[in-house]
file entry_30.pdb (PDB, C-alpha atoms)
ATOM      1  CA  MET A1190     -17.606  17.701  -5.010
ATOM      2  CA  ASP A1191     -17.780  18.555  -8.703
ATOM      3  CA  THR A1192     -18.731  15.935 -11.242
ATOM      4  CA  VAL A1193     -17.405  15.496 -14.751
ATOM      5  CA  VAL A1194     -19.303  12.847 -16.678
ATOM      6  CA  VAL A1195     -16.419  12.064 -18.975
ATOM      7  CA  ALA A1196     -18.089   8.865 -20.123
ATOM      8  CA  GLY A1197     -20.782  10.895 -21.864
ATOM      9  CA  ASP A1198     -18.210  12.816 -23.891
ATOM     10  CA  PHE A1199     -17.297   9.904 -26.121
ATOM     11  CA  ARG A1200     -20.524   9.670 -28.088
ATOM     12  CA  ALA A1201     -20.877  10.496 -31.759
ATOM     13  CA  ASP A1202     -22.237  13.976 -30.953
ATOM     14  CA  ALA A1203     -19.287  14.817 -28.703
ATOM     15  CA  PRO A1204     -16.902  17.703 -29.485
ATOM     16  CA  PRO A1205     -14.364  17.057 -32.262
ATOM     17  CA  ARG A1206     -11.399  14.822 -31.569
ATOM     18  CA  VAL A1207      -7.980  16.332 -30.989
ATOM     19  CA  ASN A1208      -4.568  14.870 -31.659
ATOM     20  CA  CYS A1209      -2.813  13.208 -28.751
ATOM     21  CA  PRO A1210       0.848  12.417 -29.567
ATOM     22  CA  ASN A1211       1.301  10.265 -26.468
ATOM     23  CA  CYS A1212      -2.150   8.670 -26.446
ATOM     24  CA  ALA A1213      -2.141   5.778 -23.995
ATOM     25  CA  PHE A1214      -5.125   4.205 -25.768
ATOM     26  CA  GLY A1215      -3.266   4.240 -29.081
ATOM     27  CA  HIS A1216      -0.157   2.897 -27.365
ATOM     28  CA  TRP A1217      -2.252   0.113 -25.834
ATOM     29  CA  ALA A1218      -3.097  -1.163 -29.318
ATOM     30  CA  SER A1219       0.223  -0.370 -31.017
ATOM     31  CA  GLY A1220       2.210  -3.314 -32.327
ATOM     32  CA  ASN A1221      -0.839  -5.564 -32.354
ATOM     33  CA  LEU A1222      -2.776  -4.131 -35.293
ATOM     34  CA  THR A1223      -1.945  -3.599 -38.937
ATOM     35  CA  GLY A1224      -1.540  -0.047 -40.170
ATOM     36  CA  LEU A1225      -5.086   0.071 -41.552
ATOM     37  CA  GLU A1226      -6.553  -1.491 -38.420
ATOM     38  CA  ALA A1227      -4.675   0.948 -36.193
ATOM     39  CA  LYS A1228      -5.910   3.900 -38.256
ATOM     40  CA  ARG A1229      -9.493   2.707 -38.092
ATOM     41  CA  PHE A1230      -9.221   2.253 -34.339
ATOM     42  CA  ASN A1231      -7.553   5.621 -33.773
ATOM     43  CA  ASP A1232     -10.182   7.405 -35.873
ATOM     44  CA  HIS A1233     -12.758   6.547 -33.206
ATOM     45  CA  ILE A1234     -10.754   7.608 -30.151
ATOM     46  CA  PHE A1235     -11.567  10.849 -28.392
ATOM     47  CA  HIS A1236      -8.368  12.190 -26.899
ATOM     48  CA  GLY A1237      -7.236  14.213 -23.943
ATOM     49  CA  ARG A1238     -10.343  14.632 -21.821
ATOM     50  CA  SER A1239      -9.185  16.528 -18.718
ATOM     51  CA  ILE A1240     -10.382  15.554 -15.264
ATOM     52  CA  LYS A1241      -9.798  17.805 -12.287
ATOM     53  CA  ARG A1242      -8.775  16.414  -8.910
ATOM     54  CA  HIS A1243     -11.791  14.969  -7.047
ATOM     55  CA  ASP A1244     -13.944  14.841 -10.205
ATOM     56  CA  TYR A1245     -15.707  11.670 -11.304
ATOM     57  CA  VAL A1246     -15.080   9.772 -14.508
ATOM     58  CA  TYR A1247     -17.807   7.214 -13.744
ATOM     59  CA  ARG A1248     -20.532   7.130 -11.103
ATOM     60  CA  THR A1249     -22.247   4.114  -9.570
ATOM     61  CA  GLY A1250     -25.482   3.413 -11.443
ATOM     62  CA  ALA A1251     -24.534   5.394 -14.551
ATOM     63  CA  PRO A1252     -25.115   3.590 -17.860
ATOM     64  CA  LEU A1253     -22.185   2.185 -19.798
ATOM     65  CA  ARG A1254     -21.249   4.603 -22.561
ATOM     66  CA  SER A1255     -17.507   4.292 -22.950
ATOM     67  CA  VAL A1256     -14.275   2.675 -21.909
ATOM     68  CA  CYS A1257     -11.239   4.828 -21.259
ATOM     69  CA  VAL A1258      -7.499   4.500 -20.852
ATOM     70  CA  ILE A1259      -5.702   6.821 -18.444
ATOM     71  CA  ASN A1260      -3.322   9.114 -20.258
ATOM     72  CA  SER A1261      -1.941  10.924 -17.219
ATOM     73  CA  GLY A1262      -2.632  11.147 -13.518
ATOM     74  CA  VAL A1263      -4.000   8.641 -11.009
ATOM     75  CA  LEU A1264      -7.599   7.600 -10.305
ATOM     76  CA  LYS A1265      -9.196   5.577  -7.539
ATOM     77  CA  THR A1266     -12.138   3.199  -7.782
ATOM     78  CA  CYS A1267     -14.426   2.779  -4.805
ATOM     79  CA  VAL A1268     -17.714   1.152  -3.865
ATOM     80  CA  ALA A1269     -20.072   1.587  -0.925
ATOM     81  CA  SER A1270     -19.645  -1.189   1.640
ATOM     82  CA  CYS A1271     -22.500  -2.795   3.553
ATOM     83  CA  ASN A1272     -22.087  -0.251   6.384
ATOM     84  CA  GLY A1273     -22.290   2.660   3.959
ATOM     85  CA  LYS A1274     -18.607   3.564   4.057
ATOM     86  CA  ALA A1275     -16.527   3.880   0.897
ATOM     87  CA  GLN A1276     -14.282   0.914   0.141
ATOM     88  CA  ILE A1277     -11.431   1.666  -2.260
ATOM     89  CA  THR A1278     -10.956  -1.278  -4.601
ATOM     90  CA  GLY A1279      -8.069  -0.034  -6.704
ATOM     91  CA  PHE A1280      -5.805   2.726  -7.978
ATOM     92  CA  SER A1281      -5.371   3.198 -11.740
ATOM     93  CA  LEU A1282      -2.322   4.685 -13.479
ATOM     94  CA  ARG A1283      -1.346   5.684 -17.004
ATOM     95  CA  GLY A1284      -2.133   2.899 -19.451
ATOM     96  CA  ASP A1285      -4.829   1.308 -17.268
ATOM     97  CA  MET A1286      -8.233   0.748 -18.843
ATOM     98  CA  ILE A1287     -11.210   1.877 -16.774
ATOM     99  CA  GLY A1288     -14.970   1.483 -17.066
ATOM    100  CA  LEU A1289     -14.833  -2.292 -17.483
ATOM    101  CA  ASP A1290     -17.065  -3.001 -14.475
ATOM    102  CA  ALA A1291     -20.144  -1.961 -16.475
ATOM    103  CA  ILE A1292     -19.685  -4.338 -19.390
ATOM    104  CA  ALA A1293     -21.602  -7.265 -17.901
ATOM    105  CA  GLY A1294     -24.706  -5.424 -16.731
ATOM    106  CA  GLY A1295     -24.604  -2.189 -18.685
ATOM    107  CA  VAL A1296     -24.247   0.061 -15.615
ATOM    108  CA  HIS A1297     -21.288   1.022 -13.459
ATOM    109  CA  HIS A1298     -20.990  -0.618 -10.042
ATOM    110  CA  SER A1299     -18.333   1.714  -8.674
ATOM    111  CA  ASN A1300     -17.207   5.319  -8.631
ATOM    112  CA  THR A1301     -14.006   6.261 -10.434
ATOM    113  CA  ILE A1302     -12.524   9.505  -9.122
ATOM    114  CA  ALA A1303      -9.380  11.491  -9.948
ATOM    115  CA  LEU A1304      -6.841  11.697  -7.129
ATOM    116  CA  GLU A1305      -4.982  14.430  -9.022
ATOM    117  CA  ASP A1306      -5.497  16.407 -12.217
ATOM    118  CA  SER A1307      -5.596  13.706 -14.883
ATOM    119  CA  SER A1308      -6.566  13.027 -18.476
ATOM    120  CA  VAL A1309      -8.082  10.079 -20.299
ATOM    121  CA  CYS A1310      -8.583   8.980 -23.864
ATOM    122  CA  GLY A1311     -11.705   6.952 -24.602
ATOM    123  CA  ILE A1312     -14.053   5.424 -27.088
ATOM    124  CA  GLU A1313     -17.802   4.920 -27.190
ATOM    125  CA  TYR A1314     -18.378   1.366 -26.011
ATOM    126  CA  SER A1315     -20.812   0.378 -28.763
ATOM    127  CA  CYS A1316     -18.211   1.467 -31.302
ATOM    128  CA  PHE A1317     -15.443  -0.362 -29.446
ATOM    129  CA  GLU A1318     -17.551  -3.520 -29.336
ATOM    130  CA  GLN A1319     -18.076  -3.365 -33.102
ATOM    131  CA  LEU A1320     -14.370  -2.820 -33.716
ATOM    132  CA  THR A1321     -13.426  -5.837 -31.598
ATOM    133  CA  HIS A1322     -15.880  -7.876 -33.681
ATOM    134  CA  ASP A1323     -14.406  -6.633 -36.956
ATOM    135  CA  ILE A1324     -10.741  -6.783 -35.880
ATOM    136  CA  PRO A1325      -9.841 -10.138 -34.255
ATOM    137  CA  ALA A1326      -6.446  -8.839 -33.103
ATOM    138  CA  LEU A1327      -8.200  -6.086 -31.143
ATOM    139  CA  GLN A1328     -10.508  -8.613 -29.512
ATOM    140  CA  HIS A1329      -7.518 -10.784 -28.591
ATOM    141  CA  LEU A1330      -5.724  -7.779 -27.076
ATOM    142  CA  PHE A1331      -8.797  -6.826 -25.074
ATOM    143  CA  ASN A1332      -9.106 -10.383 -23.755
ATOM    144  CA  GLN A1333      -5.435 -10.297 -22.715
ATOM    145  CA  THR A1334      -5.966  -6.992 -20.924
ATOM    146  CA  MET A1335      -8.962  -8.325 -19.017
ATOM    147  CA  SER A1336      -7.100 -11.509 -18.101
ATOM    148  CA  ALA A1337      -3.994  -9.631 -16.918
ATOM    149  CA  GLU A1338      -6.101  -7.334 -14.733
ATOM    150  CA  ILE A1339      -7.905 -10.282 -13.133
ATOM    151  CA  ALA A1340      -4.619 -12.144 -12.550
ATOM    152  CA  HIS A1341      -2.968  -9.097 -10.954
ATOM    153  CA  ALA A1342      -5.947  -8.468  -8.680
ATOM    154  CA  HIS A1343      -6.033 -12.150  -7.687
ATOM    155  CA  ASP A1344      -2.311 -12.273  -6.911
ATOM    156  CA  LEU A1345      -2.477  -9.070  -4.892
ATOM    157  CA  MET A1346      -5.533 -10.213  -2.953
ATOM    158  CA  THR A1347      -3.924 -13.576  -2.197
ATOM    159  CA  SER A1348      -0.713 -11.948  -0.978
ATOM    160  CA  MET A1349      -2.447  -9.417   1.239
ATOM    161  CA  GLY A1350      -5.022 -11.822   2.586
ATOM    162  CA  ALA A1351      -2.353 -14.014   4.150
ATOM    163  CA  THR A1352      -0.255 -11.253   5.721
ATOM    164  CA  GLN A1353      -0.192  -9.010   8.764
ATOM    165  CA  ALA A1354      -1.011  -5.303   8.546
ATOM    166  CA  ASP A1355       2.615  -4.140   8.276
ATOM    167  CA  GLU A1356       3.314  -6.615   5.480
ATOM    168  CA  ARG A1357       0.280  -5.395   3.528
ATOM    169  CA  ILE A1358       1.748  -1.909   3.461
ATOM    170  CA  VAL A1359       5.106  -3.210   2.219
ATOM    171  CA  ILE A1360       3.345  -5.228  -0.507
ATOM    172  CA  PHE A1361       1.350  -2.133  -1.474
ATOM    173  CA  LEU A1362       4.474   0.038  -1.755
ATOM    174  CA  LEU A1363       6.419  -2.565  -3.756
ATOM    175  CA  ASP A1364       3.479  -3.211  -6.078
ATOM    176  CA  LEU A1365       3.154   0.525  -6.689
ATOM    177  CA  SER A1366       6.910   0.671  -7.289
ATOM    178  CA  ASN A1367       6.644  -2.034  -9.965
ATOM    179  CA  ARG A1368       3.665  -0.348 -11.603
ATOM    180  CA  PHE A1369       5.446   3.017 -11.685
ATOM    181  CA  ALA A1370       8.500   1.361 -13.270
ATOM    182  CA  ALA A1371       6.284  -0.177 -15.962
ATOM    183  CA  ILE A1372       5.113   3.276 -17.087
ATOM    184  CA  GLY A1373       8.556   4.877 -17.009
ATOM    185  CA  ARG A1374       8.420   6.516 -13.584
ATOM    186  CA  SER A1375      10.928   6.030 -10.803
ATOM    187  CA  SER A1376      10.518   2.761  -8.927
ATOM    188  CA  VAL A1377      12.523   4.117  -5.989
ATOM    189  CA  ARG A1378      11.211   7.639  -5.489
ATOM    190  CA  LEU A1379       7.441   7.344  -5.241
ATOM    191  CA  ARG A1380       5.140  10.330  -5.295
ATOM    192  CA  LEU A1381       1.979   8.987  -3.658
ATOM    193  CA  PRO A1382      -1.158  10.659  -5.048
ATOM    194  CA  MET A1383      -3.284   8.987  -2.386
ATOM    195  CA  GLY A1384      -3.345   9.918   1.277
ATOM    196  CA  ARG A1385      -2.746   7.605   4.220
ATOM    197  CA  GLN A1386      -6.485   7.403   4.885
ATOM    198  CA  GLU A1387      -7.050   6.192   1.325
ATOM    199  CA  ILE A1388      -4.239   3.644   1.630
ATOM    200  CA  GLY A1389      -5.941   2.369   4.754
ATOM    201  CA  GLU A1390      -9.335   2.166   3.028
ATOM    202  CA  TYR A1391      -7.749   0.135   0.242
ATOM    203  CA  LEU A1392      -5.844  -2.231   2.541
ATOM    204  CA  GLY A1393      -8.546  -2.565   5.179
ATOM    205  CA  LEU A1394      -6.421  -0.832   7.817
ATOM    206  CA  THR A1395      -6.899   2.164  10.076
ATOM    207  CA  LEU A1396      -5.198   5.471   9.432
ATOM    208  CA  GLU A1397      -3.242   4.986  12.661
ATOM    209  CA  THR A1398      -1.893   1.612  11.500
ATOM    210  CA  VAL A1399      -0.768   3.011   8.151
ATOM    211  CA  SER A1400       0.950   6.004   9.759
ATOM    212  CA  ARG A1401       2.602   3.890  12.457
ATOM    213  CA  THR A1402       3.946   1.355   9.942
ATOM    214  CA  LEU A1403       5.349   4.011   7.622
ATOM    215  CA  SER A1404       7.033   5.673  10.596
ATOM    216  CA  ARG A1405       8.592   2.357  11.681
ATOM    217  CA  LEU A1406       9.897   1.731   8.170
ATOM    218  CA  GLN A1407      11.487   5.163   8.185
ATOM    219  CA  GLU A1408      12.981   4.683  11.668
ATOM    220  CA  MET A1409      14.607   1.458  10.437
ATOM    221  CA  ASP A1410      16.051   3.359   7.444
ATOM    222  CA  ALA A1411      14.093   1.175   5.014
ATOM    223  CA  ILE A1412      12.344   4.189   3.477
ATOM    224  CA  THR A1413      12.500   7.975   3.648
ATOM    225  CA  ILE A1414       9.292   9.999   3.896
ATOM    226  CA  ALA A1415       8.825  13.632   2.901
ATOM    227  CA  GLY A1416       5.123  14.441   2.786
ATOM    228  CA  LYS A1417       3.670  12.286   0.021
ATOM    229  CA  ASP A1418       7.112  11.444  -1.326
ATOM    230  CA  ILE A1419       8.520   8.073  -0.293
ATOM    231  CA  GLU A1420      11.969   6.832  -1.239
ATOM    232  CA  ILE A1421      12.554   3.094  -1.052
ATOM    233  CA  LYS A1422      16.041   2.595   0.363
ATOM    234  CA  ASN A1423      16.257  -1.066   1.333
ATOM    235  CA  VAL A1424      13.663  -3.656   0.267
ATOM    236  CA  LEU A1425      15.065  -6.418   2.478
ATOM    237  CA  ARG A1426      14.898  -4.138   5.509
ATOM    238  CA  MET A1427      11.308  -3.262   4.603
ATOM    239  CA  TRP A1428      10.374  -6.940   4.855
ATOM    240  CA  GLN A1429      12.396  -7.489   8.018
ATOM    241  CA  THR A1430      10.756  -4.510   9.725
ATOM    242  CA  ALA A1431       7.253  -5.579   8.688
ATOM    243  CA  GLN A1432       7.772  -9.114  10.011
ATOM    244  CA  THR A1433       9.015  -8.149  13.475
TER     245      THR A1433
END

call {"tool": "encode", "arguments": {"input": "entry_30.pdb", "output": "structure tokens"}}
result
Amino acid sequence: MDTVVVAGDFRADAPPRVNCPNCAFGHWASGNLTGLEAKRFNDHIFHGRSIKRHDYVYRTGAPLRSVCVINSGVLKTCVASCNGKAQITGFSLRGDMIGLDAIAGGVHHSNTIALEDSSVCGIEYSCFEQLTHDIPALQHLFNQTMSAEIAHAHDLMTSMGATQADERIVIFLLDLSNRFAAIGRSSVRLRLPMGRQEIGEYLGLTLETVSRTLSRLQEMDAITIAGKDIEIKNVLRMWQTAQT
């Protein structure tokens, strides 16, 4: 598997910045900073770093050098479990900030890997830290982002922890639907960048359970499946099928 150490590209000696008209990092800060603050922030962003499918953005044990925001594509985050197997802890979409796990200790505790060809925009962390010190609105926005991520992860964990396997899959699909809608993608026609094995690794289920549940949902006309494309047809029927 090839490795792209994107985090190392955001240092002062990195290649020149390029314009990024739809920069998700810039959009993240838009509306919260003054014109001068936004310009100062944008002047330090390195845009449009491409990541090929299966390549790494961060590796476990690598030092903290940058934080990034996903501009396009989907990434997964995974850690090694006590038995040595990979445990997927999350999937990140456009607008999500990644690399935050290394802030406390200075090194990354998980691998972040592209599920499809993707791109990120990022900033050297030492520079970002100074900017949040100099610009209170940026610090406030960063705190909100961290809080929202923790709250979402807590809510999702609570929901899935108290449900049966079939219900976990329904929760996963509906959560992904809501997240796609938030970034302007269809909330009904979902193109899943992750495979069934990866869904199972994330939900703590076997591949067989994931496949069987998706097939049942399709048989009950709650969803339609075509490869990695899933169309949500009836949310109520999804819940009814999962609970029987």

call {"tool": "resolve_selection", "arguments": {"input": "entry_30.pdb", "expression": "the PyMOL selection byres ((chain A and resi 1378) around 8)", "output": "number ranges by chain"}}
result
A: 1375-1377, 1379-1380, 1418-1421

call {"tool": "write_last_selection", "arguments": {"input": "entry_30.pdb", "atoms": "C-alpha atoms", "output": "PDB file, keeping the file's coordinate frame"}}
result
ATOM      1  CA  SER A1375      10.928   6.030 -10.803  1.00  0.00           C
ATOM      2  CA  SER A1376      10.518   2.761  -8.927  1.00  0.00           C
ATOM      3  CA  VAL A1377      12.523   4.117  -5.989  1.00  0.00           C
ATOM      4  CA  LEU A1379       7.441   7.344  -5.241  1.00  0.00           C
ATOM      5  CA  ARG A1380       5.140  10.330  -5.295  1.00  0.00           C
ATOM      6  CA  ASP A1418       7.112  11.444  -1.326  1.00  0.00           C
ATOM      7  CA  ILE A1419       8.520   8.073  -0.293  1.00  0.00           C
ATOM      8  CA  GLU A1420      11.969   6.832  -1.239  1.00  0.00           C
ATOM      9  CA  ILE A1421      12.554   3.094  -1.052  1.00  0.00           C
TER      10      ILE A1421
END

call {"tool": "atom_distance", "arguments": {"input": "entry_30.pdb", "atom1": "CA of Ser1219 in chain A", "atom2": "CA of Asp1364 in chain A"}}
result
25.3 Å

call {"tool": "closest_residue", "arguments": {"input": "entry_30.pdb", "among": "A:Leu1282, A:Leu1253, A:Ala1275, A:Ala1303", "to": "Gly1373 in chain A", "atoms": "only C-alpha atoms"}}
result
A:Leu1282

call {"tool": "resolve_selection", "arguments": {"input": "entry_30.pdb", "expression": "the PyMOL selection byres ((chain A and resi 1348-1354) around 9)", "output": "PyMOL selection string"}}
result
chain A and resi 1343-1347+1355-1358+1360-1361+1392-1394+1398-1399+1402+1431-1432

call {"tool": "closest_residue", "arguments": {"input": "entry_30.pdb", "among": "A:Leu1362, A:Cys1212, A:Met1383, A:Ala1269", "to": "Arg1242 in chain A", "atoms": "only C-alpha atoms"}}
result
A:Met1383

call {"tool": "resolve_selection", "arguments": {"input": "entry_30.pdb", "expression": "the PyMOL selection byres ((chain A and resi 1261) around 10)", "output": "PyMOL selection string"}}
result
chain A and resi 1211-1213+1237+1239-1240+1258-1260+1262-1264+1282-1284+1305-1310

call {"tool": "write_last_selection", "arguments": {"input": "entry_30.pdb", "atoms": "C-alpha atoms", "output": "mmCIF file, keeping the file's coordinate frame"}}
result
data_model
loop_
_atom_site.group_PDB
_atom_site.id
_atom_site.type_symbol
_atom_site.label_atom_id
_atom_site.label_comp_id
_atom_site.auth_asym_id
_atom_site.auth_seq_id
_atom_site.Cartn_x
_atom_site.Cartn_y
_atom_site.Cartn_z
ATOM 1 C CA ASN A 1211 1.301 10.265 -26.468
ATOM 2 C CA CYS A 1212 -2.150 8.670 -26.446
ATOM 3 C CA ALA A 1213 -2.141 5.778 -23.995
ATOM 4 C CA GLY A 1237 -7.236 14.213 -23.943
ATOM 5 C CA SER A 1239 -9.185 16.528 -18.718
ATOM 6 C CA ILE A 1240 -10.382 15.554 -15.264
ATOM 7 C CA VAL A 1258 -7.499 4.500 -20.852
ATOM 8 C CA ILE A 1259 -5.702 6.821 -18.444
ATOM 9 C CA ASN A 1260 -3.322 9.114 -20.258
ATOM 10 C CA GLY A 1262 -2.632 11.147 -13.518
ATOM 11 C CA VAL A 1263 -4.000 8.641 -11.009
ATOM 12 C CA LEU A 1264 -7.599 7.600 -10.305
ATOM 13 C CA LEU A 1282 -2.322 4.685 -13.479
ATOM 14 C CA ARG A 1283 -1.346 5.684 -17.004
ATOM 15 C CA GLY A 1284 -2.133 2.899 -19.451
ATOM 16 C CA GLU A 1305 -4.982 14.430 -9.022
ATOM 17 C CA ASP A 1306 -5.497 16.407 -12.217
ATOM 18 C CA SER A 1307 -5.596 13.706 -14.883
ATOM 19 C CA SER A 1308 -6.566 13.027 -18.476
ATOM 20 C CA VAL A 1309 -8.082 10.079 -20.299
ATOM 21 C CA CYS A 1310 -8.583 8.980 -23.864
#

call {"tool": "closest_residue", "arguments": {"input": "entry_30.pdb", "among": "A:Ile1302, A:Met1286, A:Ala1326, A:Leu1406", "to": "Thr1266 in chain A", "atoms": "all atoms listed in the file"}}
result
A:Ile1302

call {"tool": "atom_distance", "arguments": {"input": "entry_30.pdb", "atom1": "CA of Arg1254 in chain A", "atom2": "CA of Tyr1314 in chain A"}}
result
5.5 Å

call {"tool": "closest_residue", "arguments": {"input": "entry_30.pdb", "among": "A:Arg1374, A:His1341, A:Arg1405, A:His1216", "to": "Arg1426 in chain A", "atoms": "all atoms listed in the file"}}
result
A:Arg1405

call {"tool": "atom_distance", "arguments": {"input": "entry_30.pdb", "atom1": "CA of Leu1222 in chain A", "atom2": "CA of Leu1327 in chain A"}}
result
7.1 Å

call {"tool": "axis_aligned_box", "arguments": {"input": "entry_30.pdb", "around": "range 1378-1389 of chain A", "padding_each_side": "8 Å", "output": "lines of an AutoDock Vina configuration file"}}
result
center_x = 2.1
center_y = 6.5
center_z = -0.3
size_x = 34.3
size_y = 24.3
size_z = 26.4

call {"tool": "closest_residue", "arguments": {"input": "entry_30.pdb", "among": "A:Gln1333, A:Asn1300, A:Ser1400, A:Ser1255", "to": "Ile1277 in chain A", "atoms": "all atoms listed in the file"}}
result
A:Asn1300

call {"tool": "decode", "arguments": {"input": "entry_30.pdb", "residues": "range 1389-1424 of chain A", "atoms": "C-alpha atoms", "output": "JSON list (two decimals), in the first residue's frame"}}
result
[["chain", "number", "residue", "atom", "x", "y", "z"],
["A", 1389, "GLY", "CA", -18.82, -4.24, 9.71],
["A", 1390, "GLU", "CA", -15.45, -3.22, 11.19],
["A", 1391, "TYR", "CA", -16.93, 0.15, 12.11],
["A", 1392, "LEU", "CA", -20.13, -1.25, 13.63],
["A", 1393, "GLY", "CA", -18.56, -4.27, 15.30],
["A", 1394, "LEU", "CA", -20.44, -6.70, 13.06],
["A", 1395, "THR", "CA", -19.43, -9.52, 10.75],
["A", 1396, "LEU", "CA", -19.47, -9.17, 6.99],
["A", 1397, "GLU", "CA", -22.23, -11.79, 6.87],
["A", 1398, "THR", "CA", -24.44, -9.78, 9.25],
["A", 1399, "VAL", "CA", -24.02, -6.59, 7.23],
["A", 1400, "SER", "CA", -24.78, -8.35, 3.94],
["A", 1401, "ARG", "CA", -27.76, -10.22, 5.37],
["A", 1402, "THR", "CA", -29.29, -7.07, 6.88],
["A", 1403, "LEU", "CA", -28.89, -5.04, 3.69],
["A", 1404, "SER", "CA", -30.50, -7.87, 1.73],
["A", 1405, "ARG", "CA", -33.46, -8.00, 4.15],
["A", 1406, "LEU", "CA", -33.94, -4.24, 3.87],
["A", 1407, "GLN", "CA", -34.01, -4.57, 0.10],
["A", 1408, "GLU", "CA", -36.42, -7.53, 0.19],
["A", 1409, "MET", "CA", -38.80, -5.43, 2.31],
["A", 1410, "ASP", "CA", -38.56, -2.61, -0.27],
["A", 1411, "ALA", "CA", -37.05, -0.26, 2.33],
["A", 1412, "ILE", "CA", -33.93, 0.31, 0.22],
["A", 1413, "THR", "CA", -32.64, -0.52, -3.25],
["A", 1414, "ILE", "CA", -29.08, -1.77, -3.69],
["A", 1415, "ALA", "CA", -26.99, -1.57, -6.86],
["A", 1416, "GLY", "CA", -23.37, -2.35, -6.03],
["A", 1417, "LYS", "CA", -22.21, 0.41, -3.70],
["A", 1418, "ASP", "CA", -25.24, 2.56, -4.51],
["A", 1419, "ILE", "CA", -28.06, 2.46, -1.98],
["A", 1420, "GLU", "CA", -31.35, 4.29, -2.40],
["A", 1421, "ILE", "CA", -33.38, 4.92, 0.74],
["A", 1422, "LYS", "CA", -37.02, 4.34, -0.17],
["A", 1423, "ASN", "CA", -38.89, 4.13, 3.12],
["A", 1424, "VAL", "CA", -37.33, 5.11, 6.47]]
